[in-house]
>>> print(open('upload.cif').read())   # mmCIF, C-alpha atoms and all ligand atoms
data_query
#
loop_
_atom_site.label_atom_id
_atom_site.label_comp_id
_atom_site.auth_asym_id
_atom_site.auth_seq_id
_atom_site.Cartn_x
_atom_site.Cartn_y
_atom_site.Cartn_z
CA MET A 1 0.00 -10.40 12.75
CA GLY A 2 2.26 -7.64 11.48
CA ARG A 3 4.93 -6.02 13.55
CA ARG A 4 3.94 -2.50 14.41
CA ILE A 5 5.93 0.28 15.94
CA ALA A 6 4.88 2.11 19.06
CA ARG A 7 3.30 5.45 18.50
CA GLY A 8 3.25 8.64 20.42
CA ARG A 9 4.74 11.28 18.18
CA THR A 10 2.13 13.10 16.17
CA THR A 11 4.10 16.10 14.99
CA ARG A 12 5.71 16.21 11.60
CA PRO A 13 9.49 16.35 11.47
CA GLY A 14 10.89 19.86 11.56
CA ARG A 15 13.09 21.55 9.03
CA LYS A 16 16.18 19.89 10.47
CA ALA A 17 14.81 16.37 9.94
CA LEU A 18 13.52 17.30 6.52
CA GLY A 19 16.93 18.72 5.61
CA ARG A 20 18.61 15.48 6.65
CA TRP A 21 16.16 13.54 4.55
CA LEU A 22 16.59 15.76 1.51
CA GLY A 23 20.35 15.44 1.92
CA LEU A 24 20.06 11.68 1.88
CA LEU A 25 18.07 11.71 -1.32
CA GLY A 26 20.49 14.15 -2.95
CA SER A 27 19.84 15.78 -6.29
CA ALA A 28 17.49 13.03 -7.43
CA TRP A 29 14.92 14.47 -5.04
CA LEU A 30 14.38 17.32 -7.51
CA GLY A 31 11.44 16.47 -9.71
CA ALA A 32 10.00 13.98 -7.27
CA VAL A 33 6.33 14.32 -6.39
CA CYS A 34 6.67 14.00 -2.62
CA LEU A 35 6.41 17.16 -0.58
CA GLY A 36 8.33 16.15 2.52
CA ALA A 37 9.42 13.38 4.79
CA PRO A 38 6.57 11.28 6.16
CA PRO A 39 6.13 11.58 9.92
CA LEU A 40 6.88 8.73 12.30
CA ALA A 41 3.35 8.43 13.63
CA ALA A 42 0.15 6.98 12.23
CA ALA A 43 -3.41 6.39 13.36
CA PRO A 44 -3.84 2.87 14.79
CA ARG A 45 -5.38 0.43 12.35
CA PRO A 46 -6.09 -3.29 12.65
CA PRO A 47 -3.52 -5.59 11.02
CA ALA A 48 -4.36 -7.11 7.68
CA ALA A 49 -4.47 -10.47 9.49
CA ASP A 50 -7.89 -9.43 10.85
CA LEU A 51 -9.51 -9.78 7.42
CA PRO A 52 -12.75 -11.68 6.94
CA PRO A 53 -12.56 -15.39 6.03
CA ALA A 54 -12.36 -16.40 2.38
CA ALA A 55 -15.97 -17.64 2.35
CA ASP A 56 -17.14 -14.07 2.96
CA LEU A 57 -15.19 -12.66 0.02
CA PRO A 58 -16.97 -13.62 -3.21
CA GLY A 59 -14.83 -12.74 -6.21
CA LEU A 60 -11.81 -11.88 -4.07
CA THR A 61 -9.02 -13.92 -2.54
CA PRO A 62 -7.80 -13.27 1.02
CA ALA A 63 -4.30 -12.74 -0.45
CA ALA A 64 -5.54 -9.99 -2.81
CA LEU A 65 -7.41 -8.33 0.03
CA ARG A 66 -4.35 -8.55 2.30
CA VAL A 67 -2.21 -6.80 -0.34
CA GLU A 68 -4.91 -4.16 -0.82
CA THR A 69 -5.26 -3.58 2.93
CA ILE A 70 -1.54 -3.03 3.47
CA ALA A 71 -1.19 -0.88 0.35
CA ARG A 72 -4.23 1.17 1.38
CA ARG A 73 -2.64 1.91 4.72
CA LEU A 74 0.64 3.01 3.08
CA LEU A 75 -1.15 5.21 0.53
CA LEU A 76 -3.56 6.81 3.03
CA ASP A 77 -1.08 7.54 5.79
CA ASN A 78 1.42 9.08 3.39
CA ALA A 79 -1.13 11.24 1.51
CA PRO A 80 0.18 14.53 3.01
CA HIS A 81 3.43 13.92 1.14
CA CYS A 82 2.05 13.28 -2.34
CA THR A 83 1.00 15.78 -4.96
CA ALA A 84 -0.78 13.18 -7.09
CA LEU A 85 -3.81 12.17 -5.03
CA ALA A 86 -6.78 9.84 -5.41
CA HIS A 87 -9.64 9.15 -2.97
CA ASP A 88 -10.51 6.24 -0.76
CA TYR A 89 -14.03 5.44 0.45
CA GLY A 90 -13.13 2.55 2.72
CA PHE A 91 -15.06 -0.26 1.10
CA LYS A 92 -14.57 -2.95 -1.50
CA ALA A 93 -17.36 -4.20 -3.74
CA ALA A 94 -17.12 -7.60 -5.41
CA PRO A 95 -17.03 -7.58 -9.19
CA SER A 96 -20.72 -7.43 -10.08
CA GLY A 97 -22.20 -10.29 -12.04
CA PRO A 98 -25.62 -10.78 -13.69
CA ALA A 99 -26.86 -12.93 -10.80
CA SER A 100 -26.06 -10.43 -8.04
CA TRP A 101 -28.49 -7.57 -8.89
CA GLY A 102 -25.94 -5.09 -7.71
CA ALA A 103 -22.36 -4.82 -6.55
CA ALA A 104 -22.12 -6.61 -3.20
CA ILE A 105 -19.95 -4.90 -0.60
CA VAL A 106 -17.51 -7.53 0.68
CA MET A 107 -15.13 -5.42 2.77
CA VAL A 108 -15.66 -2.32 4.90
CA TRP A 109 -12.42 -1.09 6.48
CA PRO A 110 -13.26 0.03 10.02
CA ASP A 111 -11.40 3.34 9.72
CA GLY A 112 -12.96 4.60 6.47
CA PRO A 113 -15.87 6.76 5.32
CA ALA A 114 -18.05 3.71 4.47
CA ALA A 115 -17.81 2.38 8.04
CA ALA A 116 -18.56 5.86 9.39
CA ALA A 117 -21.68 5.97 7.18
CA GLY A 118 -22.85 2.60 8.53
CA LEU A 119 -22.22 0.48 5.45
CA ARG A 120 -21.70 -3.24 6.09
CA PRO A 121 -20.51 -6.28 4.15
CA GLY A 122 -23.51 -7.74 2.36
CA ASP A 123 -25.00 -4.36 1.44
CA LEU A 124 -25.79 -4.18 -2.27
CA VAL A 125 -24.75 -1.10 -4.26
CA ARG A 126 -27.51 -0.42 -6.80
CA ALA A 127 -26.23 2.92 -8.15
CA ALA A 128 -23.01 4.92 -7.98
CA ASN A 129 -23.12 8.70 -8.56
CA ALA A 130 -26.57 8.28 -10.20
CA VAL A 131 -25.37 5.58 -12.63
CA PRO A 132 -27.57 2.52 -11.96
CA TRP A 133 -26.32 -1.06 -11.77
CA SER A 134 -27.73 -3.09 -14.65
CA ALA A 135 -27.95 -6.75 -15.64
CA ASP A 136 -27.07 -5.63 -19.16
CA THR A 137 -23.31 -6.01 -19.71
CA ALA A 138 -22.78 -2.69 -21.53
CA GLU A 139 -24.90 -0.76 -19.02
CA ARG A 140 -23.09 -2.44 -16.14
CA ALA A 141 -19.74 -1.29 -17.60
CA ARG A 142 -20.99 2.30 -17.14
CA PHE A 143 -21.77 1.51 -13.49
CA ASP A 144 -18.34 -0.08 -12.95
CA ALA A 145 -16.70 2.96 -14.61
CA ALA A 146 -18.65 5.36 -12.36
CA LEU A 147 -17.52 3.47 -9.27
CA ALA A 148 -13.90 3.46 -10.49
CA ALA A 149 -14.03 7.15 -11.50
CA ALA A 150 -15.03 8.11 -7.96
CA ALA A 151 -11.37 7.60 -6.97
CA ALA A 152 -10.59 10.84 -8.83
CA ASP A 153 -13.41 12.77 -7.10
CA ALA A 154 -13.81 13.60 -3.46
CA HIS A 155 -17.45 12.57 -3.29
CA LEU A 156 -19.42 9.41 -3.94
CA VAL A 157 -23.18 8.99 -3.58
CA LEU A 158 -24.35 5.38 -3.44
CA GLU A 159 -27.81 3.93 -3.61
CA VAL A 160 -27.57 0.96 -1.28
CA GLU A 161 -29.99 -1.91 -0.69
CA ARG A 162 -30.20 -3.76 2.64
CA ASP A 163 -32.99 -6.14 3.70
CA GLY A 164 -35.01 -5.14 0.62
CA ARG A 165 -34.91 -1.43 1.45
CA ARG A 166 -32.97 1.14 -0.52
CA HIS A 167 -31.35 4.27 0.81
CA MET A 168 -28.87 6.89 -0.34
CA VAL A 169 -25.43 7.21 1.28
CA ALA A 170 -23.06 10.13 0.58
CA LEU A 171 -19.41 9.33 1.23
CA PRO A 172 -16.63 11.92 1.46
CA GLY A 173 -13.42 10.63 -0.14
CA GLN A 174 -10.28 10.40 1.99
CA PRO A 175 -7.18 11.57 0.10
CA ARG A 176 -4.53 8.94 -0.59
CA CYS A 177 -1.43 8.82 -2.77
CA ALA A 178 -2.43 8.01 -6.34
CA ALA A 179 -1.07 4.55 -7.08
CA THR A 180 -2.75 1.26 -7.87
CA VAL A 181 -1.51 -1.91 -6.21
CA ARG A 182 -2.68 -5.32 -7.27
CA LEU A 183 -1.77 -8.93 -6.67
CA SER A 184 -0.66 -10.78 -9.77
CA ALA A 185 -1.92 -14.31 -10.40
CA ARG A 186 1.62 -15.24 -11.48
CA PRO A 187 3.71 -17.08 -8.87
CA MET A 188 6.74 -14.77 -9.17
CA VAL A 189 8.63 -13.75 -6.01
CA ASN A 190 8.90 -10.22 -7.29
CA ALA A 191 7.16 -6.87 -7.56
CA ALA A 192 7.26 -4.19 -10.22
CA ALA A 193 5.92 -0.70 -10.85
CA VAL A 194 5.00 0.74 -14.23
CA ALA A 195 3.84 4.37 -14.19
CA SER A 196 1.57 4.40 -11.10
CA THR A 197 0.55 0.72 -11.21
CA ILE A 198 2.28 -1.73 -8.90
CA GLU A 199 2.04 -5.48 -9.33
CA ILE A 200 2.97 -7.89 -6.55
CA GLY A 201 3.77 -11.48 -7.47
CA ALA A 202 1.66 -14.16 -5.78
CA GLY A 203 4.89 -15.89 -4.69
CA LEU A 204 6.05 -12.75 -2.91
CA GLU A 205 2.77 -12.43 -1.00
CA ARG A 206 3.03 -16.07 0.10
CA LEU A 207 6.71 -15.76 1.06
CA LEU A 208 6.22 -12.74 3.31
CA ALA A 209 3.58 -13.82 5.84
CA ASP A 210 4.49 -10.98 8.21
CA ASP A 211 2.54 -7.83 7.31
CA ALA A 212 5.50 -5.54 8.04
CA GLU A 213 7.74 -7.57 5.72
CA LEU A 214 5.18 -7.46 2.91
CA ALA A 215 4.71 -3.74 3.65
CA PHE A 216 8.41 -3.20 2.91
CA THR A 217 8.20 -4.67 -0.59
CA LEU A 218 5.00 -2.72 -1.29
CA ALA A 219 6.52 0.48 0.13
CA HIS A 220 9.65 0.02 -2.02
CA GLU A 221 7.49 -0.01 -5.18
CA VAL A 222 5.31 2.85 -3.89
CA ALA A 223 8.54 4.80 -3.28
CA HIS A 224 9.60 4.27 -6.92
CA VAL A 225 6.25 5.74 -8.00
CA LEU A 226 6.32 8.68 -5.57
CA LEU A 227 9.95 9.51 -6.37
CA GLY A 228 9.16 9.65 -10.08
CA HIS A 229 11.35 6.68 -11.03
CA THR A 230 8.53 5.07 -13.03
CA VAL A 231 7.71 8.12 -15.15
CA PRO A 232 8.33 6.94 -18.76
CA SER A 233 10.29 10.09 -19.67
CA ARG A 234 12.80 9.34 -16.89
CA ARG A 235 13.57 5.85 -18.17
CA ALA A 236 16.56 7.04 -20.20
CA ALA A 237 18.03 8.83 -17.15
CA LEU A 238 17.89 5.55 -15.21
CA ALA A 239 19.42 3.41 -17.97
CA THR A 240 22.91 3.02 -16.47
CA ARG A 241 23.69 0.55 -13.71
CA GLU A 242 24.91 3.41 -11.47
CA ALA A 243 21.73 5.42 -11.93
CA ARG A 244 19.56 2.33 -11.36
CA GLY A 245 21.56 1.47 -8.25
CA ALA A 246 21.10 5.00 -6.86
CA ALA A 247 17.37 4.86 -7.59
CA GLU A 248 17.04 1.50 -5.83
CA GLN A 249 18.82 2.84 -2.76
CA GLU A 250 16.61 5.95 -2.76
CA ALA A 251 13.54 3.74 -2.98
CA ASP A 252 14.79 1.59 -0.07
CA ALA A 253 15.44 4.59 2.17
CA PHE A 254 12.13 6.24 1.29
CA ALA A 255 10.22 2.97 1.73
CA LEU A 256 11.34 2.83 5.36
CA ARG A 257 9.83 6.30 5.96
CA LEU A 258 6.59 5.26 4.25
CA MET A 259 6.44 2.14 6.44
CA ALA A 260 7.04 4.08 9.64
CA ALA A 261 4.39 6.68 8.77
CA ALA A 262 1.88 3.87 8.21
CA GLY A 263 2.70 2.15 11.51
CA TYR A 264 4.82 -0.71 10.12
CA ASP A 265 8.13 -1.52 11.79
CA PRO A 266 10.92 -0.48 9.36
CA GLY A 267 13.12 -2.96 11.22
CA ALA A 268 11.32 -5.72 9.28
CA ALA A 269 12.77 -4.55 5.95
CA ALA A 270 16.18 -6.25 6.14
CA GLY A 271 14.62 -9.63 7.01
CA ALA A 272 12.15 -9.29 4.14
CA TRP A 273 14.99 -8.55 1.73
CA LEU A 274 17.05 -11.56 2.87
CA LYS A 275 14.03 -13.85 2.35
CA VAL A 276 13.42 -12.43 -1.13
CA ALA A 277 17.12 -12.62 -2.06
CA ASP A 278 17.08 -16.29 -1.08
CA ALA A 279 13.80 -17.22 -2.79
CA ALA A 280 13.81 -15.08 -5.93
CA ARG A 281 17.19 -15.96 -7.43
CA PRO A 282 18.21 -19.17 -9.20
CA PRO A 283 20.87 -21.22 -7.29
CA LEU A 284 23.78 -20.04 -9.48
CA HIS A 285 22.85 -16.37 -8.98
CA ARG A 286 22.64 -16.98 -5.23
CA LEU A 287 26.03 -18.73 -5.23
CA LEU A 288 27.72 -15.87 -7.08
CA ASP A 289 25.57 -13.27 -5.29
CA LEU A 290 24.60 -11.64 -8.59
CA HIS A 291 22.62 -8.63 -7.50
CA GLY A 292 21.94 -6.51 -10.58
CA PRO A 293 21.72 -2.80 -9.80
CA TYR A 294 21.08 -3.42 -6.07
CA LEU A 295 23.72 -3.45 -3.37
CA ALA A 296 25.15 -6.91 -2.66
CA THR A 297 22.77 -8.95 -0.50
CA ALA A 298 24.46 -8.47 2.89
CA GLU A 299 25.32 -4.86 2.10
CA ARG A 300 21.70 -4.04 1.26
CA ALA A 301 20.48 -5.75 4.42
CA ALA A 302 23.00 -3.73 6.45
CA PHE A 303 21.87 -0.51 4.75
CA LEU A 304 18.23 -1.26 5.56
CA THR A 305 19.05 -2.14 9.17
CA ARG A 306 21.09 1.04 9.60
CA GLU A 307 18.44 3.30 8.05
CA ALA A 308 15.61 1.63 9.98
CA ALA A 309 17.45 2.08 13.26
CA ARG A 310 17.46 5.83 12.61
CA LEU A 311 13.68 5.81 12.22
CA THR A 312 12.32 3.29 14.67
CA VAL A 313 10.61 4.77 17.70
CA PRO A 314 11.56 2.76 20.80
CA ILE A 315 8.64 0.85 22.31
CA PRO A 316 7.95 2.14 25.86
CA PRO A 317 9.06 -0.38 28.55
CA LEU A 318 5.56 -0.50 30.07
CA LEU A 319 4.08 -1.63 26.76
CA LEU A 320 6.76 -4.31 26.39
CA ALA A 321 6.02 -5.57 29.91
CA ALA A 322 2.29 -5.73 29.10
CA ARG A 323 3.03 -7.77 25.95
CA ARG A 324 5.19 -10.25 27.84
CA THR A 325 2.41 -10.99 30.34
CA ARG A 326 -0.14 -11.93 27.64
ZN ZN A 401 13.23 -1.25 -6.92
#
>>> encode(input="upload.cif", output="structure tokens")
Amino acid sequence: MGRRIARGRTTRPGRKALGRWLGLLGSAWLGAVCLGAPPLAAAPRPPAADLPPAADLPGLTPAALRVETIARRLLLDNAPHCTALAHDYGFKAAPSGPASWGAAIVMVWPDGPAAAAGLRPGDLVRAANAVPWSADTAERARFDAALAAAAADAHLVLEVERDGRRHMVALPGQPRCAATVRLSARPMVNAAAVASTIEIGAGLERLLADDAELAFTLAHEVAHVLLGHTVPSRRAALATREARGAAEQEADAFALRLMAAAGYDPGAAAGAWLKVADAARPPLHRLLDLHGPYLATAERAAFLTREAARLTVPIPPLLLAARRTR
């Protein structure tokens, strides 16, 4: 179960708050793709811990789906602040194989267009935007490409089979920030972003069992993408240790805003960082506290705690009392 912050504010921060935020980011904000500071409120969503059991996820692991669920929430809830957008339809189809006769839907997020249209796990997608599923490998690649290309459009029409009957379903795409997040098979306790693709090490996903803690590491990489740090032409500008350090601190501060806007407690960030600092470095690096372009371990944790405290909305006393009686 992830830690979530209490909600109640639905308005976006005013000019004053935005000015403070822009001041924090300094000149590096110029050229970034984000349009403003994310708000501190988000629509309630179930935690990633409520995912279906592994047996119901052919072709997917629960860990990969957990990463996707948390990333999806970050990208959807921060869409108003991104200029580069893609579209979400709120379902996940298993990779189609010759024995399946279609792409089986394995996950329908309860807050998305697919759920609103009545789609359910087990439904079989037979065609996507008029491109039919096929047992032929080359033909099926066209189908897979059509399904993937729908992320760039705002509209997806599926031909869906359930209980032997076929019907057409038109789904409106929900805008989300354009970034791809995937779980690596490698056991690294690390995450990296190249252009708009983010890869999370399997070791990192295992280490951070709390959704809010994992959300911090995902949000940090998403922040690098949204702030333009991963644009290849900016690589030279970030070559020095000082510039890298400034970019890392920007990404940390922005990640906390992304977390808060998506309903994750930014107060979880410092704890996540301390766990990663402990697990990701070899013993000698830990002993000498070698920290590359980042702030020293304790200093970075203090920075995250300080910044999170400025963002966290206090949980109303009545809600706390209700939690204690459960
Ligand atoms: Zn970073």
>>> closest_residue(input="upload.cif", among="A:Ala219, A:Val131, A:Leu158, A:Ile105", to="ligand ZN 401 (chain A)", atoms="all atoms listed in the file")
A:Ala219
>>> closest_atom_pairs(input="upload.cif", of="chain A", to="ligand ZN 401 (chain A)", cutoff="9 Å", atoms="all atoms listed in the file", output="JSON lines")
{"residue": "A:Ala191", "atom": "CA", "partner": "A:ZN401", "partner_atom": "ZN", "distance": 8.3}
{"residue": "A:Ala192", "atom": "CA", "partner": "A:ZN401", "partner_atom": "ZN", "distance": 7.4}
{"residue": "A:Ala193", "atom": "CA", "partner": "A:ZN401", "partner_atom": "ZN", "distance": 8.3}
{"residue": "A:Thr217", "atom": "CA", "partner": "A:ZN401", "partner_atom": "ZN", "distance": 8.8}
{"residue": "A:His220", "atom": "CA", "partner": "A:ZN401", "partner_atom": "ZN", "distance": 6.2}
{"residue": "A:Glu221", "atom": "CA", "partner": "A:ZN401", "partner_atom": "ZN", "distance": 6.1}
{"residue": "A:Ala223", "atom": "CA", "partner": "A:ZN401", "partner_atom": "ZN", "distance": 8.5}
{"residue": "A:His224", "atom": "CA", "partner": "A:ZN401", "partner_atom": "ZN", "distance": 6.6}
{"residue": "A:Arg244", "atom": "CA", "partner": "A:ZN401", "partner_atom": "ZN", "distance": 8.5}
{"residue": "A:Gly245", "atom": "CA", "partner": "A:ZN401", "partner_atom": "ZN", "distance": 8.9}
{"residue": "A:Ala247", "atom": "CA", "partner": "A:ZN401", "partner_atom": "ZN", "distance": 7.4}
{"residue": "A:Glu248", "atom": "CA", "partner": "A:ZN401", "partner_atom": "ZN", "distance": 4.8}
{"residue": "A:Gln249", "atom": "CA", "partner": "A:ZN401", "partner_atom": "ZN", "distance": 8.1}
{"residue": "A:Glu250", "atom": "CA", "partner": "A:ZN401", "partner_atom": "ZN", "distance": 9.0}
{"residue": "A:Ala251", "atom": "CA", "partner": "A:ZN401", "partner_atom": "ZN", "distance": 6.4}
{"residue": "A:Asp252", "atom": "CA", "partner": "A:ZN401", "partner_atom": "ZN", "distance": 7.6}
{"residue": "A:Tyr294", "atom": "CA", "partner": "A:ZN401", "partner_atom": "ZN", "distance": 8.2}
>>> closest_residue(input="upload.cif", among="A:Ala146, A:Ala212, A:Leu85, A:Ala114", to="Thr180 in chain A", atoms="all atoms listed in the file")
A:Leu85
>>> atom_distance(input="upload.cif", atom1="CA of Arg182 in chain A", atom2="CA of Gly102 in chain A")
23.3 Å
>>> atom_distance(input="upload.cif", atom1="CA of Ala79 in chain A", atom2="CA of Pro232 in chain A")
22.8 Å
>>> closest_residue(input="upload.cif", among="A:Trp109, A:Trp273, A:Phe216, A:Phe303", to="Ala260 in chain A", atoms="all atoms listed in the file")
A:Phe216
>>> closest_residue(input="upload.cif", among="A:Ala130, A:Ala269, A:Leu75, A:Leu288", to="Glu307 in chain A", atoms="all atoms listed in the file")
A:Ala269
>>> residues_around(input="upload.cif", residues="Met107 in chain A", least_positions_apart="6", cutoff="6 Å", atoms="all atoms listed in the file", output="ChimeraX atom specification")
/A:91-92,121
>>> atom_distance(input="upload.cif", atom1="CA of Ala255 in chain A", atom2="CA of Val222 in chain A")
7.5 Å
>>> closest_residue(input="upload.cif", among="A:Ala239, A:Ile200, A:Val160, A:Leu274", to="Thr305 in chain A", atoms="only C-alpha atoms")
A:Leu274
>>> residues_near_point(input="upload.cif", point="(8.3, -12.6, -2.3)", cutoff="12 Å", atoms="only C-alpha atoms", output="PyMOL selection string")
chain A and resi 183-184+186-192+199-210+213-218+271-281
>>> build_atoms(input="upload.cif", residues="range 56-82 of chain A", atoms="N, CA and C atoms", output="tab-separated table (two decimals), in the frame of the given file")
chain	number	residue	atom	x	y	z
A	56	ASP	N	-16.38	-15.32	2.97
A	56	ASP	CA	-17.14	-14.07	2.96
A	56	ASP	C	-16.65	-13.10	1.90
A	57	LEU	N	-15.79	-13.56	1.00
A	57	LEU	CA	-15.19	-12.66	0.02
A	57	LEU	C	-15.47	-13.14	-1.41
A	58	PRO	N	-16.71	-13.15	-1.84
A	58	PRO	CA	-16.97	-13.62	-3.21
A	58	PRO	C	-16.23	-12.77	-4.23
A	59	GLY	N	-15.54	-13.45	-5.14
A	59	GLY	CA	-14.83	-12.74	-6.21
A	59	GLY	C	-13.49	-12.19	-5.79
A	60	LEU	N	-13.10	-12.39	-4.54
A	60	LEU	CA	-11.81	-11.88	-4.07
A	60	LEU	C	-11.09	-12.98	-3.33
A	61	THR	N	-9.76	-12.96	-3.36
A	61	THR	CA	-9.02	-13.92	-2.54
A	61	THR	C	-8.53	-13.18	-1.29
A	62	PRO	N	-8.36	-13.92	-0.18
A	62	PRO	CA	-7.80	-13.27	1.02
A	62	PRO	C	-6.43	-12.65	0.74
A	63	ALA	N	-5.63	-13.29	-0.14
A	63	ALA	CA	-4.30	-12.74	-0.45
A	63	ALA	C	-4.42	-11.38	-1.13
A	64	ALA	N	-5.36	-11.26	-2.09
A	64	ALA	CA	-5.54	-9.99	-2.81
A	64	ALA	C	-6.01	-8.91	-1.84
A	65	LEU	N	-6.89	-9.29	-0.93
A	65	LEU	CA	-7.41	-8.33	0.03
A	65	LEU	C	-6.33	-7.91	1.04
A	66	ARG	N	-5.45	-8.87	1.38
A	66	ARG	CA	-4.35	-8.55	2.30
A	66	ARG	C	-3.42	-7.51	1.65
A	67	VAL	N	-3.07	-7.75	0.38
A	67	VAL	CA	-2.21	-6.80	-0.34
A	67	VAL	C	-2.88	-5.43	-0.40
A	68	GLU	N	-4.18	-5.42	-0.70
A	68	GLU	CA	-4.91	-4.16	-0.82
A	68	GLU	C	-4.97	-3.42	0.52
A	69	THR	N	-5.15	-4.20	1.60
A	69	THR	CA	-5.26	-3.58	2.93
A	69	THR	C	-3.95	-2.92	3.35
A	70	ILE	N	-2.83	-3.60	3.10
A	70	ILE	CA	-1.54	-3.03	3.47
A	70	ILE	C	-1.20	-1.83	2.57
A	71	ALA	N	-1.46	-1.99	1.28
A	71	ALA	CA	-1.19	-0.88	0.35
A	71	ALA	C	-2.05	0.33	0.69
A	72	ARG	N	-3.31	0.08	1.03
A	72	ARG	CA	-4.23	1.17	1.38
A	72	ARG	C	-3.69	1.96	2.56
A	73	ARG	N	-3.18	1.24	3.53
A	73	ARG	CA	-2.64	1.91	4.72
A	73	ARG	C	-1.43	2.79	4.35
A	74	LEU	N	-0.54	2.24	3.51
A	74	LEU	CA	0.64	3.01	3.08
A	74	LEU	C	0.23	4.26	2.29
A	75	LEU	N	-0.75	4.10	1.40
A	75	LEU	CA	-1.15	5.21	0.53
A	75	LEU	C	-1.93	6.27	1.29
A	76	LEU	N	-2.77	5.85	2.25
A	76	LEU	CA	-3.56	6.81	3.03
A	76	LEU	C	-2.68	7.60	3.99
A	77	ASP	N	-1.85	6.88	4.73
A	77	ASP	CA	-1.08	7.54	5.79
A	77	ASP	C	0.04	8.42	5.25
A	78	ASN	N	0.38	8.25	3.98
A	78	ASN	CA	1.42	9.08	3.39
A	78	ASN	C	0.85	10.13	2.44
A	79	ALA	N	-0.48	10.27	2.42
A	79	ALA	CA	-1.13	11.24	1.51
A	79	ALA	C	-0.61	12.67	1.67
A	80	PRO	N	-0.29	13.14	2.90
A	80	PRO	CA	0.18	14.53	3.01
A	80	PRO	C	1.47	14.80	2.25
A	81	HIS	N	2.12	13.74	1.79
A	81	HIS	CA	3.43	13.92	1.14
A	81	HIS	C	3.38	13.65	-0.35
A	82	CYS	N	2.18	13.56	-0.91
A	82	CYS	CA	2.05	13.28	-2.34
A	82	CYS	C	1.29	14.41	-3.03
